[in-house]
$ cat run26.txt   # compact mmCIF, C-alpha atoms
# COMPACT_ATOMS: atom_id res chain seq x y z
CA MET A 1 29.25 -13.06 -232.90
CA ILE A 2 29.13 -16.21 -230.76
CA PHE A 3 32.54 -17.70 -229.99
CA SER A 4 33.62 -20.93 -228.37
CA LEU A 5 37.24 -21.81 -227.66
CA LEU A 6 39.21 -25.03 -227.57
CA VAL A 7 42.17 -24.76 -225.19
CA GLN A 8 44.71 -27.56 -225.40
CA SER A 9 47.75 -26.33 -223.50
CA SER A 10 48.75 -26.28 -219.86
CA PRO A 11 48.20 -23.00 -218.00
CA VAL A 12 51.85 -22.94 -216.93
CA ALA A 13 53.74 -24.47 -219.85
CA HIS A 14 52.55 -22.81 -223.04
CA PRO A 15 52.00 -19.23 -224.21
CA ALA A 16 48.89 -20.36 -226.12
CA SER A 17 47.03 -20.60 -222.80
CA ARG A 18 47.61 -16.92 -222.11
CA SER A 19 46.66 -16.08 -225.71
CA ALA A 20 43.40 -17.99 -225.26
CA TYR A 21 42.51 -15.97 -222.17
CA LEU A 22 43.47 -12.66 -223.79
CA PHE A 23 41.40 -13.56 -226.86
CA ALA A 24 38.42 -14.43 -224.65
CA ARG A 25 38.65 -11.17 -222.75
CA ALA A 26 39.02 -9.13 -225.94
CA ALA A 27 35.99 -10.89 -227.42
CA VAL A 28 33.70 -10.14 -224.49
CA ASP A 29 35.10 -6.59 -224.17
CA ALA A 30 34.15 -6.04 -227.82
CA GLY A 31 30.59 -7.15 -227.11
CA HIS A 32 30.78 -10.66 -228.53
CA THR A 33 29.30 -13.67 -226.77
CA LEU A 34 31.65 -16.30 -225.42
CA TYR A 35 29.50 -19.40 -225.18
CA ARG A 36 31.81 -22.13 -223.99
CA VAL A 37 35.49 -22.82 -223.38
CA PHE A 38 36.34 -26.47 -223.82
CA PHE A 39 39.65 -27.61 -222.32
CA ILE A 40 41.24 -30.74 -223.75
CA GLY A 41 44.63 -32.43 -223.48
CA ASP A 42 46.96 -30.55 -221.13
CA GLY A 43 44.41 -27.73 -221.18
CA VAL A 44 42.43 -29.61 -218.52
CA LEU A 45 45.17 -28.68 -216.05
CA HIS A 46 43.41 -25.32 -215.83
CA GLY A 47 40.74 -27.18 -213.88
CA THR A 48 42.65 -28.45 -210.90
CA ALA A 49 42.08 -26.52 -207.70
CA LEU A 50 45.49 -27.59 -206.41
CA ASN A 51 47.84 -25.64 -208.66
CA GLN A 52 49.22 -22.69 -206.75
CA PRO A 53 51.22 -20.19 -208.77
CA THR A 54 53.62 -18.02 -206.81
CA GLY A 55 52.55 -14.49 -206.05
CA SER A 56 54.58 -13.05 -208.92
CA GLU A 57 52.98 -15.26 -211.59
CA ALA A 58 49.74 -14.98 -213.52
CA ASN A 59 47.00 -17.27 -212.25
CA LEU A 60 45.22 -18.18 -215.50
CA PRO A 61 42.73 -20.62 -213.97
CA GLU A 62 41.58 -17.94 -211.53
CA LEU A 63 41.39 -15.34 -214.34
CA TRP A 64 39.23 -17.76 -216.33
CA ARG A 65 36.96 -18.36 -213.34
CA ARG A 66 36.39 -14.63 -212.90
CA LEU A 67 35.78 -14.02 -216.61
CA ALA A 68 33.36 -16.94 -216.79
CA SER A 69 31.53 -15.84 -213.69
CA ALA A 70 31.18 -12.25 -214.95
CA HIS A 71 29.98 -13.22 -218.43
CA GLY A 72 28.15 -16.53 -217.95
CA VAL A 73 30.72 -18.59 -219.83
CA GLU A 74 30.89 -22.36 -219.43
CA LEU A 75 34.32 -23.74 -218.62
CA LEU A 76 34.28 -27.46 -219.45
CA LEU A 77 37.04 -30.04 -219.14
CA CYS A 78 37.10 -33.04 -221.47
CA ILE A 79 36.45 -35.97 -219.15
CA THR A 80 38.85 -38.36 -220.90
CA SER A 81 41.70 -35.84 -220.83
CA ALA A 82 40.89 -34.88 -217.23
CA LEU A 83 40.88 -38.46 -215.96
CA ARG A 84 44.21 -39.11 -217.72
CA ARG A 85 45.72 -36.19 -215.83
CA GLY A 86 44.13 -36.65 -212.44
CA VAL A 87 41.56 -33.86 -212.51
CA LEU A 88 38.31 -35.14 -211.01
CA ASP A 89 35.10 -33.85 -209.58
CA SER A 90 33.64 -35.53 -206.51
CA ASP A 91 31.20 -37.64 -208.58
CA GLU A 92 34.00 -39.16 -210.67
CA ALA A 93 36.25 -39.65 -207.65
CA GLY A 94 33.43 -41.44 -205.84
CA ARG A 95 32.50 -43.59 -208.84
CA ARG A 96 36.10 -44.69 -209.27
CA GLN A 97 36.77 -45.02 -205.54
CA LEU A 98 39.64 -42.54 -205.71
CA PRO A 99 40.89 -40.88 -202.53
CA SER A 100 40.06 -37.27 -203.41
CA SER A 101 38.70 -34.86 -205.98
CA ASN A 102 40.28 -31.58 -207.06
CA LEU A 103 38.02 -29.76 -209.52
CA ARG A 104 38.39 -25.98 -209.36
CA GLU A 105 35.32 -23.85 -208.68
CA GLY A 106 33.81 -22.50 -211.89
CA PHE A 107 34.87 -25.51 -213.99
CA ALA A 108 32.88 -28.63 -214.86
CA ILE A 109 33.77 -32.00 -216.40
CA ALA A 110 31.96 -33.02 -219.58
CA GLY A 111 32.06 -35.29 -222.59
CA LEU A 112 33.20 -34.37 -226.08
CA GLY A 113 29.55 -34.09 -227.09
CA GLN A 114 29.67 -30.67 -225.41
CA LEU A 115 32.43 -29.63 -227.85
CA VAL A 116 30.28 -30.82 -230.74
CA GLU A 117 27.32 -28.88 -229.37
CA ALA A 118 29.44 -25.75 -228.86
CA THR A 119 30.59 -26.02 -232.48
CA LEU A 120 26.99 -26.11 -233.66
CA ARG A 121 25.91 -23.18 -231.47
CA SER A 122 28.87 -20.90 -232.18
CA ASP A 123 29.72 -18.82 -235.22
CA ARG A 124 33.41 -19.44 -234.64
CA VAL A 125 35.42 -22.03 -232.70
CA VAL A 126 38.98 -20.91 -232.10
CA SER A 127 41.60 -23.47 -231.17
CA PHE A 128 44.62 -22.64 -228.96
CA GLY A 129 47.68 -24.75 -228.30
CA GLY A 130 47.15 -27.41 -230.96
CA VAL B 1 29.49 -13.98 -244.28
CA VAL B 2 28.84 -15.47 -240.87
CA GLU B 3 26.74 -18.59 -240.75
CA HIS B 4 24.66 -18.58 -237.62
CA ALA B 5 24.05 -21.39 -235.21
CA SER B 6 20.62 -22.06 -236.64
CA ALA B 7 22.37 -23.62 -239.63
CA GLY B 8 22.56 -26.68 -237.34
CA SER B 9 25.44 -28.35 -239.06
CA ARG B 10 29.10 -27.63 -239.56
CA ARG B 11 31.72 -29.18 -241.77
CA VAL B 12 34.57 -29.82 -239.36
CA LEU B 13 38.20 -30.52 -240.25
CA VAL B 14 40.40 -31.96 -237.51
CA LEU B 15 44.04 -31.18 -238.28
CA CYS B 16 46.56 -33.35 -236.50
CA SER B 17 50.31 -32.73 -236.65
CA ALA B 18 51.56 -34.46 -233.48
CA ALA B 19 53.57 -37.70 -233.55
CA PRO B 20 51.43 -40.71 -232.60
CA TYR B 21 53.29 -42.21 -229.65
CA ALA B 22 54.99 -39.14 -228.20
CA ASP B 23 52.05 -37.99 -226.09
CA SER B 24 48.26 -38.25 -226.10
CA ARG B 25 47.61 -35.56 -228.73
CA VAL B 26 46.89 -37.88 -231.64
CA ARG B 27 44.59 -39.91 -229.41
CA GLU B 28 42.81 -36.72 -228.37
CA ALA B 29 42.51 -35.57 -231.99
CA LEU B 30 40.96 -38.91 -232.90
CA ASP B 31 38.62 -38.71 -229.89
CA VAL B 32 37.45 -35.30 -231.12
CA ALA B 33 36.88 -36.60 -234.66
CA LEU B 34 35.04 -39.69 -233.38
CA ALA B 35 32.82 -37.50 -231.19
CA PHE B 36 31.78 -35.38 -234.18
CA GLY B 37 31.16 -38.60 -236.12
CA ALA B 38 29.14 -40.10 -233.26
CA PHE B 39 26.92 -37.00 -233.29
CA GLU B 40 26.43 -37.41 -237.02
CA GLN B 41 28.40 -34.32 -238.00
CA ARG B 42 30.44 -34.17 -241.18
CA VAL B 43 34.02 -34.43 -240.05
CA ALA B 44 37.28 -34.98 -241.93
CA LEU B 45 40.76 -35.71 -240.65
CA LEU B 46 43.96 -34.24 -242.06
CA PHE B 47 47.35 -35.53 -240.91
CA SER B 48 50.30 -33.22 -241.42
CA GLY B 49 53.77 -32.77 -239.94
CA ASP B 50 54.77 -35.64 -237.64
CA GLY B 51 51.09 -36.57 -237.60
CA VAL B 52 51.63 -38.50 -240.84
CA LEU B 53 53.52 -41.10 -238.79
CA ALA B 54 50.15 -42.16 -237.34
CA LEU B 55 49.28 -43.60 -240.75
CA LEU B 56 52.26 -45.93 -241.07
CA PRO B 57 51.25 -49.58 -241.37
CA ARG B 58 52.32 -52.41 -239.10
CA GLN B 59 52.47 -50.34 -235.92
CA ALA B 60 53.53 -52.52 -233.00
CA PRO B 61 52.77 -50.61 -229.84
CA SER B 62 53.84 -52.03 -226.51
CA LEU B 63 52.51 -51.90 -222.99
CA GLU B 64 54.45 -48.64 -222.58
CA THR B 65 53.02 -46.91 -225.65
CA GLY B 66 49.41 -47.97 -225.24
CA ARG B 67 46.83 -48.99 -227.77
CA SER B 68 47.60 -48.90 -231.47
CA VAL B 69 46.65 -45.66 -233.22
CA GLU B 70 46.33 -47.76 -236.37
CA ARG B 71 43.51 -49.72 -234.72
CA VAL B 72 41.69 -46.55 -233.73
CA LEU B 73 41.98 -45.33 -237.31
CA GLY B 74 40.39 -48.60 -238.39
CA THR B 75 37.21 -47.64 -236.48
CA LEU B 76 36.65 -44.40 -238.45
CA PRO B 77 34.16 -45.98 -240.90
CA ASP B 78 32.05 -47.14 -237.93
CA TYR B 79 31.57 -43.44 -237.09
CA GLY B 80 30.75 -42.43 -240.64
CA ILE B 81 34.14 -40.76 -241.11
CA GLU B 82 35.72 -41.03 -244.53
CA ALA B 83 39.34 -41.98 -245.14
CA PRO B 84 41.74 -39.46 -243.57
CA TRP B 85 43.70 -37.01 -245.68
CA VAL B 86 47.49 -37.03 -245.53
CA ASP B 87 49.74 -34.11 -246.43
CA THR B 88 51.96 -35.52 -249.21
CA SER B 89 54.68 -32.91 -248.67
CA ALA B 90 54.98 -34.04 -245.02
CA LEU B 91 55.40 -37.62 -246.27
CA ALA B 92 58.07 -36.55 -248.76
CA ARG B 93 60.02 -34.60 -246.13
CA ARG B 94 60.11 -37.73 -243.97
CA GLY B 95 61.12 -40.04 -246.81
CA ILE B 96 57.88 -42.01 -246.59
CA ASP B 97 56.68 -43.65 -249.78
CA ALA B 98 53.01 -42.66 -250.15
CA ALA B 99 52.22 -46.06 -251.65
CA SER B 100 53.37 -47.77 -248.45
CA LEU B 101 50.45 -46.39 -246.44
CA GLY B 102 47.73 -48.61 -247.84
CA THR B 103 44.44 -47.74 -249.44
CA ALA B 104 42.18 -46.20 -246.78
CA ILE B 105 43.91 -42.81 -247.10
CA ARG B 106 43.41 -39.79 -249.32
CA TYR B 107 46.41 -37.82 -250.50
CA ALA B 108 46.45 -34.06 -250.21
CA ASP B 109 48.98 -31.86 -251.99
CA GLN B 110 49.15 -28.13 -251.23
CA ALA B 111 46.25 -27.31 -253.57
CA VAL B 112 44.01 -29.93 -251.93
CA ILE B 113 44.98 -28.70 -248.46
CA ARG B 114 44.09 -25.13 -249.45
CA SER B 115 40.76 -26.41 -250.68
CA LEU B 116 40.13 -28.41 -247.47
CA LEU B 117 40.87 -25.35 -245.34
CA ALA B 118 38.59 -23.22 -247.52
CA THR B 119 35.63 -25.59 -247.64
CA HIS B 120 35.32 -26.54 -243.96
CA ASP B 121 33.41 -24.31 -241.55
CA VAL B 122 35.46 -25.20 -238.48
CA ILE B 123 39.12 -26.21 -238.38
CA LEU B 124 40.28 -27.72 -235.12
CA THR B 125 44.03 -28.10 -234.81
CA VAL B 126 44.45 -30.71 -232.11

$ encode --input "run26.txt" --output "structure tokens"
Amino acid sequence: MIFSLLVQSSPVAHPASRSAYLFARAAVDAGHTLYRVFFIGDGVLHGTALNQPTGSEANLPELWRRLASAHGVELLLCITSALRRGVLDSDEAGRRQLPSSNLREGFAIAGLGQLVEATLRSDRVVSFGG
Amino acid sequence: VVEHASAGSRRVLVLCSAAPYADSRVREALDVALAFGAFEQRVALLFSGDGVLALLPRQAPSLETGRSVERVLGTLPDYGIEAPWVDTSALARRGIDAASLGTAIRYADQAVIRSLLATHDVILTV
């Protein structure tokens, strides 16, 4: 089965974010295809390269990056949510003349059309943190 | 039975239960619904829980709360989205008279909500 996920919660403030990752890993371990993970709302905070959990904490953004890299999964941040929360790639930072960008490796910024497209291409879209 | 991607179209229900001016969740739910509408997908909105407060008339947002959710709701027809559904039990629990919400709303009791959940292919709780 082809899955896409919608992740809406911060990586450090909501158990749904961990559930989303565990679901994703279980899906690929069971042989399913994970097509795209779309982060919206506080979920886009997964995409900043500047969050630094302490050594004793889980690092969900890094776990996502590894999972995505191993299985060819797209990790996309909703551009509107990302701009609201100060998560920018270098293109957006340049376009808006902002002093820096902070997008984490393995993540990309995209429009909601990519959520629509993921919905059409996937058998199931599972929403976390709504 | 799993419908495969080649079906090319999904009936999407966006379920919104966040209060309108507490954070950006209602705005994000509406953005999601508008995006599906803009891409000519069949999308419906269901407001439940504190989300029903987004449907109250005469909202008067300020500089600090941002743009009126009521105004965004007014743009739904431009995106081919039909009148949103509202959970009548959530209205009753909050003491809101259903008749006070105006006409561009559809009322959903528990049976209708069950039917909405059963008849949509994708349910996005935002």

$ residues_around --input "run26.txt" --residues "region 41-51 of chain B" --least-positions-apart "3" --cutoff "6 Å" --atoms "all atoms listed in the file" --output "PyMOL selection string"
chain B and resi 11-19+36-37+54+84-87+90

$ residues_around --input "run26.txt" --residues "region 32-48 of chain A" --least-positions-apart "3" --cutoff "6 Å" --atoms "all atoms listed in the file" --output "PyMOL selection string"
chain A and resi 1-11+27-28+61+73-78+81-82+87+102-104

$ interface_residues --input "run26.txt" --of "chain A" --to "chain B" --cutoff "9 Å" --atoms "only C-alpha atoms" --output "short mmCIF file (atom, residue, chain, number, x, y, z; two decimals) with C-alpha atoms, in the coordinates of the input"
data_model
loop_
_atom_site.label_atom_id
_atom_site.label_comp_id
_atom_site.auth_asym_id
_atom_site.auth_seq_id
_atom_site.Cartn_x
_atom_site.Cartn_y
_atom_site.Cartn_z
CA MET A 1 29.25 -13.06 -232.90
CA ILE A 2 29.13 -16.21 -230.76
CA LEU A 6 39.21 -25.03 -227.57
CA GLN A 8 44.71 -27.56 -225.40
CA ILE A 40 41.24 -30.74 -223.75
CA GLY A 41 44.63 -32.43 -223.48
CA THR A 80 38.85 -38.36 -220.90
CA SER A 81 41.70 -35.84 -220.83
CA GLY A 111 32.06 -35.29 -222.59
CA LEU A 112 33.20 -34.37 -226.08
CA GLY A 113 29.55 -34.09 -227.09
CA LEU A 115 32.43 -29.63 -227.85
CA VAL A 116 30.28 -30.82 -230.74
CA THR A 119 30.59 -26.02 -232.48
CA LEU A 120 26.99 -26.11 -233.66
CA ARG A 121 25.91 -23.18 -231.47
CA SER A 122 28.87 -20.90 -232.18
CA ASP A 123 29.72 -18.82 -235.22
CA ARG A 124 33.41 -19.44 -234.64
CA VAL A 125 35.42 -22.03 -232.70
CA VAL A 126 38.98 -20.91 -232.10
CA SER A 127 41.60 -23.47 -231.17
CA PHE A 128 44.62 -22.64 -228.96
CA GLY A 129 47.68 -24.75 -228.30
CA GLY A 130 47.15 -27.41 -230.96
#

$ atom_distance --input "run26.txt" --atom1 "CA of Ala118 (chain A)" --atom2 "CA of Leu67 (chain A)"
18.1 Å

$ atom_distance --input "run26.txt" --atom1 "CA of Ala22 (chain B)" --atom2 "CA of Val52 (chain B)"
13.1 Å

$ atom_distance --input "run26.txt" --atom1 "CA of Leu88 (chain A)" --atom2 "CA of Phe23 (chain A)"
27.0 Å

$ build_atoms --input "run26.txt" --residues "region 9-20 of chain A" --atoms "all heavy atoms" --output "PDB file, in the frame of the given file"
ATOM      1  N   SER A   9      46.421 -26.404-224.114  1.00  0.00           N
ATOM      2  CA  SER A   9      47.750 -26.330-223.500  1.00  0.00           C
ATOM      3  C   SER A   9      47.645 -26.035-222.018  1.00  0.00           C
ATOM      4  O   SER A   9      46.686 -25.427-221.543  1.00  0.00           O
ATOM      5  CB  SER A   9      48.583 -25.271-224.211  1.00  0.00           C
ATOM      6  OG  SER A   9      47.823 -24.093-224.375  1.00  0.00           O
ATOM      7  N   SER A  10      48.685 -26.472-221.301  1.00  0.00           N
ATOM      8  CA  SER A  10      48.750 -26.280-219.860  1.00  0.00           C
ATOM      9  C   SER A  10      48.794 -24.799-219.497  1.00  0.00           C
ATOM     10  O   SER A  10      49.393 -24.008-220.217  1.00  0.00           O
ATOM     11  CB  SER A  10      50.019 -26.984-219.341  1.00  0.00           C
ATOM     12  OG  SER A  10      50.473 -26.385-218.164  1.00  0.00           O
ATOM     13  N   PRO A  11      48.190 -24.417-218.386  1.00  0.00           N
ATOM     14  CA  PRO A  11      48.200 -23.000-218.000  1.00  0.00           C
ATOM     15  C   PRO A  11      49.592 -22.492-217.634  1.00  0.00           C
ATOM     16  O   PRO A  11      49.806 -21.283-217.611  1.00  0.00           O
ATOM     17  CB  PRO A  11      47.257 -22.941-216.797  1.00  0.00           C
ATOM     18  CG  PRO A  11      47.220 -24.337-216.266  1.00  0.00           C
ATOM     19  CD  PRO A  11      47.402 -25.236-217.449  1.00  0.00           C
ATOM     20  N   VAL A  12      50.521 -23.401-217.367  1.00  0.00           N
ATOM     21  CA  VAL A  12      51.850 -22.940-216.930  1.00  0.00           C
ATOM     22  C   VAL A  12      52.957 -23.284-217.929  1.00  0.00           C
ATOM     23  O   VAL A  12      54.100 -22.899-217.717  1.00  0.00           O
ATOM     24  CB  VAL A  12      52.237 -23.529-215.546  1.00  0.00           C
ATOM     25  CG1 VAL A  12      51.338 -22.961-214.476  1.00  0.00           C
ATOM     26  CG2 VAL A  12      52.177 -25.042-215.549  1.00  0.00           C
ATOM     27  N   ALA A  13      52.651 -23.981-219.001  1.00  0.00           N
ATOM     28  CA  ALA A  13      53.740 -24.470-219.850  1.00  0.00           C
ATOM     29  C   ALA A  13      53.637 -24.008-221.294  1.00  0.00           C
ATOM     30  O   ALA A  13      54.424 -24.454-222.125  1.00  0.00           O
ATOM     31  CB  ALA A  13      53.773 -26.003-219.805  1.00  0.00           C
ATOM     32  N   HIS A  14      52.699 -23.132-221.627  1.00  0.00           N
ATOM     33  CA  HIS A  14      52.550 -22.810-223.040  1.00  0.00           C
ATOM     34  C   HIS A  14      51.935 -21.416-223.203  1.00  0.00           C
ATOM     35  O   HIS A  14      50.926 -21.115-222.570  1.00  0.00           O
ATOM     36  CB  HIS A  14      51.640 -23.838-223.714  1.00  0.00           C
ATOM     37  CG  HIS A  14      51.863 -23.938-225.186  1.00  0.00           C
ATOM     38  ND1 HIS A  14      51.546 -22.924-226.038  1.00  0.00           N
ATOM     39  CD2 HIS A  14      52.380 -24.936-225.940  1.00  0.00           C
ATOM     40  CE1 HIS A  14      51.861 -23.299-227.284  1.00  0.00           C
ATOM     41  NE2 HIS A  14      52.372 -24.512-227.242  1.00  0.00           N
ATOM     42  N   PRO A  15      52.551 -20.582-224.026  1.00  0.00           N
ATOM     43  CA  PRO A  15      52.000 -19.230-224.210  1.00  0.00           C
ATOM     44  C   PRO A  15      50.612 -19.223-224.827  1.00  0.00           C
ATOM     45  O   PRO A  15      49.876 -18.239-224.693  1.00  0.00           O
ATOM     46  CB  PRO A  15      53.017 -18.542-225.126  1.00  0.00           C
ATOM     47  CG  PRO A  15      53.795 -19.639-225.748  1.00  0.00           C
ATOM     48  CD  PRO A  15      53.782 -20.786-224.800  1.00  0.00           C
ATOM     49  N   ALA A  16      50.221 -20.315-225.505  1.00  0.00           N
ATOM     50  CA  ALA A  16      48.890 -20.360-226.120  1.00  0.00           C
ATOM     51  C   ALA A  16      47.792 -20.228-225.078  1.00  0.00           C
ATOM     52  O   ALA A  16      46.707 -19.723-225.367  1.00  0.00           O
ATOM     53  CB  ALA A  16      48.712 -21.649-226.912  1.00  0.00           C
ATOM     54  N   SER A  17      48.061 -20.681-223.853  1.00  0.00           N
ATOM     55  CA  SER A  17      47.030 -20.600-222.800  1.00  0.00           C
ATOM     56  C   SER A  17      46.754 -19.149-222.448  1.00  0.00           C
ATOM     57  O   SER A  17      45.601 -18.763-222.243  1.00  0.00           O
ATOM     58  CB  SER A  17      47.489 -21.374-221.560  1.00  0.00           C
ATOM     59  OG  SER A  17      47.672 -22.728-221.890  1.00  0.00           O
ATOM     60  N   ARG A  18      47.816 -18.343-222.390  1.00  0.00           N
ATOM     61  CA  ARG A  18      47.610 -16.920-222.110  1.00  0.00           C
ATOM     62  C   ARG A  18      46.907 -16.250-223.297  1.00  0.00           C
ATOM     63  O   ARG A  18      46.000 -15.436-223.121  1.00  0.00           O
ATOM     64  CB  ARG A  18      48.934 -16.229-221.800  1.00  0.00           C
ATOM     65  CG  ARG A  18      48.747 -14.759-221.405  1.00  0.00           C
ATOM     66  CD  ARG A  18      50.044 -14.160-220.860  1.00  0.00           C
ATOM     67  NE  ARG A  18      51.135 -14.305-221.809  1.00  0.00           N
ATOM     68  CZ  ARG A  18      52.311 -14.882-221.528  1.00  0.00           C
ATOM     69  NH1 ARG A  18      52.548 -15.369-220.332  1.00  0.00           N
ATOM     70  NH2 ARG A  18      53.239 -14.971-222.452  1.00  0.00           N
ATOM     71  N   SER A  19      47.317 -16.644-224.520  1.00  0.00           N
ATOM     72  CA  SER A  19      46.660 -16.080-225.710  1.00  0.00           C
ATOM     73  C   SER A  19      45.173 -16.382-225.706  1.00  0.00           C
ATOM     74  O   SER A  19      44.358 -15.542-226.084  1.00  0.00           O
ATOM     75  CB  SER A  19      47.289 -16.658-226.986  1.00  0.00           C
ATOM     76  OG  SER A  19      48.651 -16.345-227.054  1.00  0.00           O
ATOM     77  N   ALA A  20      44.813 -17.601-225.288  1.00  0.00           N
ATOM     78  CA  ALA A  20      43.400 -17.990-225.260  1.00  0.00           C
ATOM     79  C   ALA A  20      42.634 -17.069-224.317  1.00  0.00           C
ATOM     80  O   ALA A  20      41.553 -16.559-224.658  1.00  0.00           O
ATOM     81  CB  ALA A  20      43.256 -19.443-224.820  1.00  0.00           C
TER      82      ALA A  20
END
